[in-house]
Amino acid sequence: MKHRRIPNRRVIVAGAGALALAATATVTLASANASQAPAPTPALAKLTSAAASTLASHLKTDTAGAFYDAKAKKLVVNVVNKAAARAVRAKGAEARLVAHTFAQLDAARQTLKSKATIPGTSWGIDPQSNKVVVTADRTVKGAKLDRLTKVAESLGDKVEVRHSKGAFKPFIGGGDAIFGSGARCSLGFNVVKDGKPYFLTAGHCGNDIKSWSDKQGGSAIATTEDSKFPGDDFSLAKYTGDTAHPSEVDLYNGSTQKITKAAEATVGEKVQRSGSTTQVHDGTVKALNASVNYQEGTVEGLIQTDVCAEPGDSGGALFDGETALGLTSGGSGDCSQGGETFFQPVPEALKAYGAQIG
């Protein structure tokens with residue numbers, strides 16, 4: 001979904017290339033048990049995904065990642081020792097003993113980055129499998145595939161390699177939205193900086209488009225002030241005219257979703273996306289801190305989901321209720337057969353620009 005800022009033309013749209021990061025099967029190891037009679041265990045709270053995200057933000061010490069179990073409505077936190085398990089249970093979350101610490105998985109990611117940064121690949125830490133999941137698209141073959149395989153095998157069971165039959169392509173398209181330089185991008189979120197109205201969209205959109213209008217060849221309503229891509233994938237545009245800019249996301253059904261805050265996503269969280277090409281779609285967060293090796297360069301720290309997207313949806317809003325989570329970066333597949341989409345986290349963009357949702 002996109003932010004609604006103008007009565008009839010509410011979105012911005014442009015595209016981005018991306019890769020898919022597949023989810024893996026959950027690996028559950030033995031739970032920690034006290035050697036003596038255990039103290040009474042606090043009952044696990046039934047949590048909404050938003051409440052689980054808040055709890056997860058306070059349980060990062062001595063943990064190895066966390067994910068939200070939507071069916072059971074509980075937060076599951078990976079730990080590597082019994083002391084951490086007790087602390088997690090005391091907070092009302094489920095503790096799960098796993099083999100690899102977050103530091104070990106992150107070290108594996110860094111090895112992949114230094115030795116196997118190959119266009120057509122992506123990787124991210126999957127807390128449900130307690131592994132780094134690597135995906136290679138169909139363009140990765142021959143010597144490149146051999147190199148990737150060799151590096152992955154050197155990391156043992158901390159890494160799992162998957163293959164995609166598709167070819168990852170830029171999400172660039174034309175259509176009825178916000179235009180600039182022959183392209184379009186979906187607006188992400190309206191924000192305020194120094195008391196002035198701005199909006200966030202994808203960085204690859206801001207790289208290509210400096211002046212935005214609400215129709216092809218129309219008068220400018222905003223100008224790109226800054227953009228970051230690759231590395232990150234966010235940009236900031238300043239409204240230049242008297243354009244309505246409510247803090248809302250267009251639901252494409254005659255209504256909007258009010259946005260009041262921004263937060264980090266949680267694996268397992270149920271989310272929605274709005275974009276000017278495919279409108280509203282939902283799905284689940286599959287991984288955090290994912291790296292995607294686009295043809296243009298690597299983008300790191302992304303949210304990986306199973307939400308579909310298509311050309312023209314780039315920059316659009318990822319959210320959970322009133323909470324802004326991400327900006328559409330890119331992905332594979334389409335909304336007919338499904339696919340994977342990566343999102344730039346909104347809190348990072350807000351911090352970089354000194355802006356607030358509004």
# chains A, B, ... in the order shown; residues from 1 in each chain; ligands from 1
>>> closest_atom_pairs(of="range 236-338 of chain A", to="range 128-150 of chain A", cutoff="9 Å", atoms="only C-alpha atoms", output="JSON lines")
{"residue": "A:Val267", "atom": "CA", "partner": "A:Gln128", "partner_atom": "CA", "distance": 8.4}
{"residue": "A:Lys286", "atom": "CA", "partner": "A:Gln128", "partner_atom": "CA", "distance": 8.8}
{"residue": "A:Ala287", "atom": "CA", "partner": "A:Gln128", "partner_atom": "CA", "distance": 9.0}
>>> residues_around(residues="Leu288 in chain A", least_positions_apart="5", cutoff="10 Å", atoms="only C-alpha atoms", output="mmCIF file with N, CA, C and O atoms, in the first residue's frame")
data_model
loop_
_atom_site.group_PDB
_atom_site.id
_atom_site.type_symbol
_atom_site.label_atom_id
_atom_site.label_comp_id
_atom_site.auth_asym_id
_atom_site.auth_seq_id
_atom_site.Cartn_x
_atom_site.Cartn_y
_atom_site.Cartn_z
ATOM 1 N N GLY A 65 18.213 -14.555 18.199
ATOM 2 C CA GLY A 65 17.124 -14.226 17.291
ATOM 3 C C GLY A 65 15.783 -14.643 17.872
ATOM 4 O O GLY A 65 15.705 -15.424 18.828
ATOM 5 N N TRP A 123 21.243 -13.386 1.041
ATOM 6 C CA TRP A 123 21.307 -14.179 2.257
ATOM 7 C C TRP A 123 20.784 -13.382 3.442
ATOM 8 O O TRP A 123 20.795 -12.162 3.447
ATOM 9 N N GLY A 124 20.311 -14.125 4.435
ATOM 10 C CA GLY A 124 19.809 -13.506 5.648
ATOM 11 C C GLY A 124 19.697 -14.542 6.749
ATOM 12 O O GLY A 124 19.609 -15.753 6.487
ATOM 13 N N ILE A 125 19.707 -14.080 7.992
ATOM 14 C CA ILE A 125 19.599 -14.987 9.129
ATOM 15 C C ILE A 125 18.134 -15.348 9.353
ATOM 16 O O ILE A 125 17.285 -14.482 9.511
ATOM 17 N N ASP A 126 17.861 -16.640 9.343
ATOM 18 C CA ASP A 126 16.512 -17.161 9.577
ATOM 19 C C ASP A 126 16.458 -17.739 10.990
ATOM 20 O O ASP A 126 16.996 -18.816 11.235
ATOM 21 N N PRO A 127 15.825 -17.036 11.947
ATOM 22 C CA PRO A 127 15.811 -17.537 13.319
ATOM 23 C C PRO A 127 15.022 -18.827 13.494
ATOM 24 O O PRO A 127 15.271 -19.585 14.421
ATOM 25 N N GLU A 264 10.618 -1.635 14.237
ATOM 26 C CA GLU A 264 11.324 -2.723 13.572
ATOM 27 C C GLU A 264 10.373 -3.908 13.392
ATOM 28 O O GLU A 264 9.517 -4.162 14.234
ATOM 29 N N ALA A 265 10.528 -4.626 12.306
ATOM 30 C CA ALA A 265 9.709 -5.813 12.052
ATOM 31 C C ALA A 265 10.217 -6.988 12.884
ATOM 32 O O ALA A 265 11.347 -6.979 13.384
ATOM 33 N N THR A 266 9.375 -8.012 13.016
ATOM 34 C CA THR A 266 9.727 -9.242 13.724
ATOM 35 C C THR A 266 9.458 -10.426 12.797
ATOM 36 O O THR A 266 8.436 -10.452 12.112
ATOM 37 N N VAL A 267 10.362 -11.395 12.767
ATOM 38 C CA VAL A 267 10.134 -12.593 11.959
ATOM 39 C C VAL A 267 8.843 -13.264 12.429
ATOM 40 O O VAL A 267 8.613 -13.436 13.622
ATOM 41 N N GLU A 300 22.053 -4.015 2.199
ATOM 42 C CA GLU A 300 22.076 -4.818 3.411
ATOM 43 C C GLU A 300 21.024 -4.342 4.410
ATOM 44 O O GLU A 300 20.493 -3.241 4.304
ATOM 45 N N GLY A 301 20.743 -5.192 5.395
ATOM 46 C CA GLY A 301 19.834 -4.825 6.467
ATOM 47 C C GLY A 301 18.373 -4.820 6.090
ATOM 48 O O GLY A 301 17.569 -4.118 6.710
ATOM 49 N N LEU A 302 17.977 -5.617 5.093
ATOM 50 C CA LEU A 302 16.606 -5.591 4.601
ATOM 51 C C LEU A 302 15.686 -6.570 5.327
ATOM 52 O O LEU A 302 16.129 -7.530 5.944
ATOM 53 N N ILE A 303 14.379 -6.291 5.244
ATOM 54 C CA ILE A 303 13.339 -7.192 5.734
ATOM 55 C C ILE A 303 12.938 -8.094 4.572
ATOM 56 O O ILE A 303 12.600 -7.602 3.498
ATOM 57 N N GLN A 304 12.979 -9.417 4.764
ATOM 58 C CA GLN A 304 12.578 -10.336 3.704
ATOM 59 C C GLN A 304 11.205 -10.908 4.034
ATOM 60 O O GLN A 304 10.941 -11.306 5.174
ATOM 61 N N THR A 305 10.308 -10.914 3.038
ATOM 62 C CA THR A 305 8.932 -11.372 3.249
ATOM 63 C C THR A 305 8.478 -12.275 2.109
ATOM 64 O O THR A 305 9.139 -12.372 1.076
ATOM 65 N N PHE A 342 11.732 -7.784 -0.702
ATOM 66 C CA PHE A 342 12.592 -7.224 0.327
ATOM 67 C C PHE A 342 12.206 -5.773 0.583
ATOM 68 O O PHE A 342 11.848 -5.039 -0.339
ATOM 69 N N PHE A 343 12.333 -5.356 1.849
ATOM 70 C CA PHE A 343 11.952 -4.002 2.249
ATOM 71 C C PHE A 343 13.054 -3.329 3.057
ATOM 72 O O PHE A 343 13.677 -3.955 3.917
ATOM 73 N N PRO A 345 14.033 -1.136 6.056
ATOM 74 C CA PRO A 345 13.382 -0.750 7.311
ATOM 75 C C PRO A 345 13.205 0.766 7.422
ATOM 76 O O PRO A 345 14.125 1.542 7.139
#
>>> select_by_dssp(residues="range 177-309 of chain A", states="alpha helix (DSSP H)", output="CSV table (one decimal) with N, CA, C and O atoms, in the first residue's frame")
chain,number,residue,atom,x,y,z
A,203,GLY,N,15.3,4.2,-2.3
A,203,GLY,CA,16.5,5.0,-2.8
A,203,GLY,C,16.8,4.9,-4.2
A,203,GLY,O,17.2,5.8,-4.9
A,204,HIS,N,16.5,3.7,-4.8
A,204,HIS,CA,16.8,3.6,-6.3
A,204,HIS,C,15.8,4.5,-7.1
A,204,HIS,O,16.1,4.9,-8.2
A,205,CYS,N,14.6,4.8,-6.5
A,205,CYS,CA,13.7,5.7,-7.1
A,205,CYS,C,14.3,7.1,-7.0
A,205,CYS,O,14.3,7.9,-8.0
A,206,GLY,N,14.8,7.5,-5.9
A,206,GLY,CA,15.4,8.8,-5.7
A,206,GLY,C,16.6,9.0,-6.5
A,206,GLY,O,16.9,10.2,-7.0
A,207,ASN,N,17.4,8.0,-6.8
A,207,ASN,CA,18.6,8.1,-7.6
A,207,ASN,C,18.2,8.5,-9.1
A,207,ASN,O,18.9,9.3,-9.7
A,208,ASP,N,17.1,7.9,-9.5
A,208,ASP,CA,16.7,8.2,-10.9
A,208,ASP,C,15.8,9.4,-11.1
A,208,ASP,O,15.7,9.9,-12.2
>>> residues_around(residues="Ile259 in chain A", least_positions_apart="2", cutoff="8 Å", atoms="only C-alpha atoms", output="PDB file with N, CA and C atoms, in the first residue's frame")
ATOM      1  N   SER A 247      -0.908  11.368   7.200  1.00  0.00           N
ATOM      2  CA  SER A 247      -0.118  10.199   7.574  1.00  0.00           C
ATOM      3  C   SER A 247      -0.999   8.960   7.479  1.00  0.00           C
ATOM      4  N   GLU A 248      -1.188   8.501   6.246  1.00  0.00           N
ATOM      5  CA  GLU A 248      -2.080   7.382   5.955  1.00  0.00           C
ATOM      6  C   GLU A 248      -1.492   6.526   4.842  1.00  0.00           C
ATOM      7  N   VAL A 249      -2.008   5.309   4.754  1.00  0.00           N
ATOM      8  CA  VAL A 249      -1.686   4.414   3.643  1.00  0.00           C
ATOM      9  C   VAL A 249      -2.989   4.109   2.909  1.00  0.00           C
ATOM     10  N   GLN A 257      -5.461   3.488   5.941  1.00  0.00           N
ATOM     11  CA  GLN A 257      -4.963   3.052   7.241  1.00  0.00           C
ATOM     12  C   GLN A 257      -4.132   4.182   7.839  1.00  0.00           C
ATOM     13  N   LYS A 261       3.171   5.571  13.892  1.00  0.00           N
ATOM     14  CA  LYS A 261       4.505   5.302  14.440  1.00  0.00           C
ATOM     15  C   LYS A 261       5.283   4.397  13.491  1.00  0.00           C
ATOM     16  N   GLY A 321      -0.929  -2.613  10.862  1.00  0.00           N
ATOM     17  CA  GLY A 321      -1.832  -1.693  11.532  1.00  0.00           C
ATOM     18  C   GLY A 321      -1.349  -0.264  11.391  1.00  0.00           C
ATOM     19  N   GLU A 322      -1.202   0.438  12.498  1.00  0.00           N
ATOM     20  CA  GLU A 322      -0.771   1.837  12.473  1.00  0.00           C
ATOM     21  C   GLU A 322       0.746   1.999  12.437  1.00  0.00           C
ATOM     22  N   THR A 323       1.473   0.887  12.325  1.00  0.00           N
ATOM     23  CA  THR A 323       2.933   0.925  12.412  1.00  0.00           C
ATOM     24  C   THR A 323       3.606   0.812  11.057  1.00  0.00           C
ATOM     25  N   ALA A 324       4.440   1.793  10.723  1.00  0.00           N
ATOM     26  CA  ALA A 324       5.251   1.760   9.506  1.00  0.00           C
ATOM     27  C   ALA A 324       6.450   0.854   9.738  1.00  0.00           C
ATOM     28  N   ILE A 357       7.430  10.140  11.587  1.00  0.00           N
ATOM     29  CA  ILE A 357       6.163   9.836  10.916  1.00  0.00           C
ATOM     30  C   ILE A 357       5.191  10.981  11.177  1.00  0.00           C
ATOM     31  N   GLY A 358       4.502  11.412  10.127  1.00  0.00           N
ATOM     32  CA  GLY A 358       3.531  12.501  10.349  1.00  0.00           C
ATOM     33  C   GLY A 358       3.043  13.086   9.045  1.00  0.00           C
TER      34      GLY A 358
END
>>> closest_residue(among="A:Ser122, A:Thr341, A:Gln104, A:Thr63", to="Ser329 in chain A", atoms="only C-alpha atoms")
A:Thr341
>>> closest_residue(among="A:Ala263, A:Val292, A:Val271, A:Ala90", to="Gly120 in chain A", atoms="only C-alpha atoms")
A:Val292
>>> select_by_dssp(residues="range 118-280 of chain A", states="strand (DSSP E or B)", output="PyMOL selection string")
chain A and resi 121-126+131-136+159-163+179-180+183-184+189-193+196-201+211-213+220-228+231+234-239+248-250+256-258+261-262+267+270-275+279-280
>>> atom_distance(atom1="CA of Lys270 in chain A", atom2="CA of Tyr68 in chain A")
9.0 Å
>>> atom_distance(atom1="CA of Leu44 in chain A", atom2="CA of Lys82 in chain A")
17.5 Å
>>> residues_around(residues="Cys335 in chain A", least_positions_apart="4", cutoff="10 Å", atoms="only C-alpha atoms", output="tab-separated table (two decimals) with N, CA, C and O atoms, in the first residue's frame")
chain	number	residue	atom	x	y	z
A	278	THR	N	0.11	-3.23	-7.90
A	278	THR	CA	-0.67	-4.38	-7.46
A	278	THR	C	-1.55	-4.09	-6.24
A	278	THR	O	-2.19	-4.99	-5.71
A	281	HIS	N	-1.48	-6.18	-0.72
A	281	HIS	CA	-1.24	-7.61	-0.53
A	281	HIS	C	-0.66	-7.83	0.86
A	281	HIS	O	-0.04	-6.92	1.44
A	307	VAL	N	5.54	-11.54	0.78
A	307	VAL	CA	4.56	-10.67	0.14
A	307	VAL	C	4.96	-10.48	-1.33
A	307	VAL	O	6.13	-10.28	-1.63
A	308	CYS	N	4.00	-10.54	-2.23
A	308	CYS	CA	4.32	-10.36	-3.65
A	308	CYS	C	4.41	-8.88	-4.00
A	308	CYS	O	3.91	-8.01	-3.29
A	309	ALA	N	5.07	-8.58	-5.11
A	309	ALA	CA	5.14	-7.23	-5.64
A	309	ALA	C	5.49	-7.32	-7.12
A	309	ALA	O	5.98	-8.35	-7.59
A	310	GLU	N	5.25	-6.24	-7.85
A	310	GLU	CA	5.54	-6.20	-9.28
A	310	GLU	C	6.13	-4.85	-9.66
A	310	GLU	O	6.15	-3.92	-8.83
A	339	GLY	N	5.68	-14.73	-4.81
A	339	GLY	CA	7.09	-14.36	-4.88
A	339	GLY	C	7.59	-13.87	-3.54
A	339	GLY	O	6.93	-14.04	-2.51
A	340	GLU	N	8.77	-13.29	-3.55
A	340	GLU	CA	9.39	-12.76	-2.35
A	340	GLU	C	9.73	-11.30	-2.58
A	340	GLU	O	10.11	-10.91	-3.68
>>> atom_distance(atom1="CA of Thr121 in chain A", atom2="CA of Arg162 in chain A")
9.8 Å
>>> closest_residue(among="A:Ala290, A:Leu59, A:Ala152, A:Ala220", to="Leu112 in chain A", atoms="only C-alpha atoms")
A:Ala152
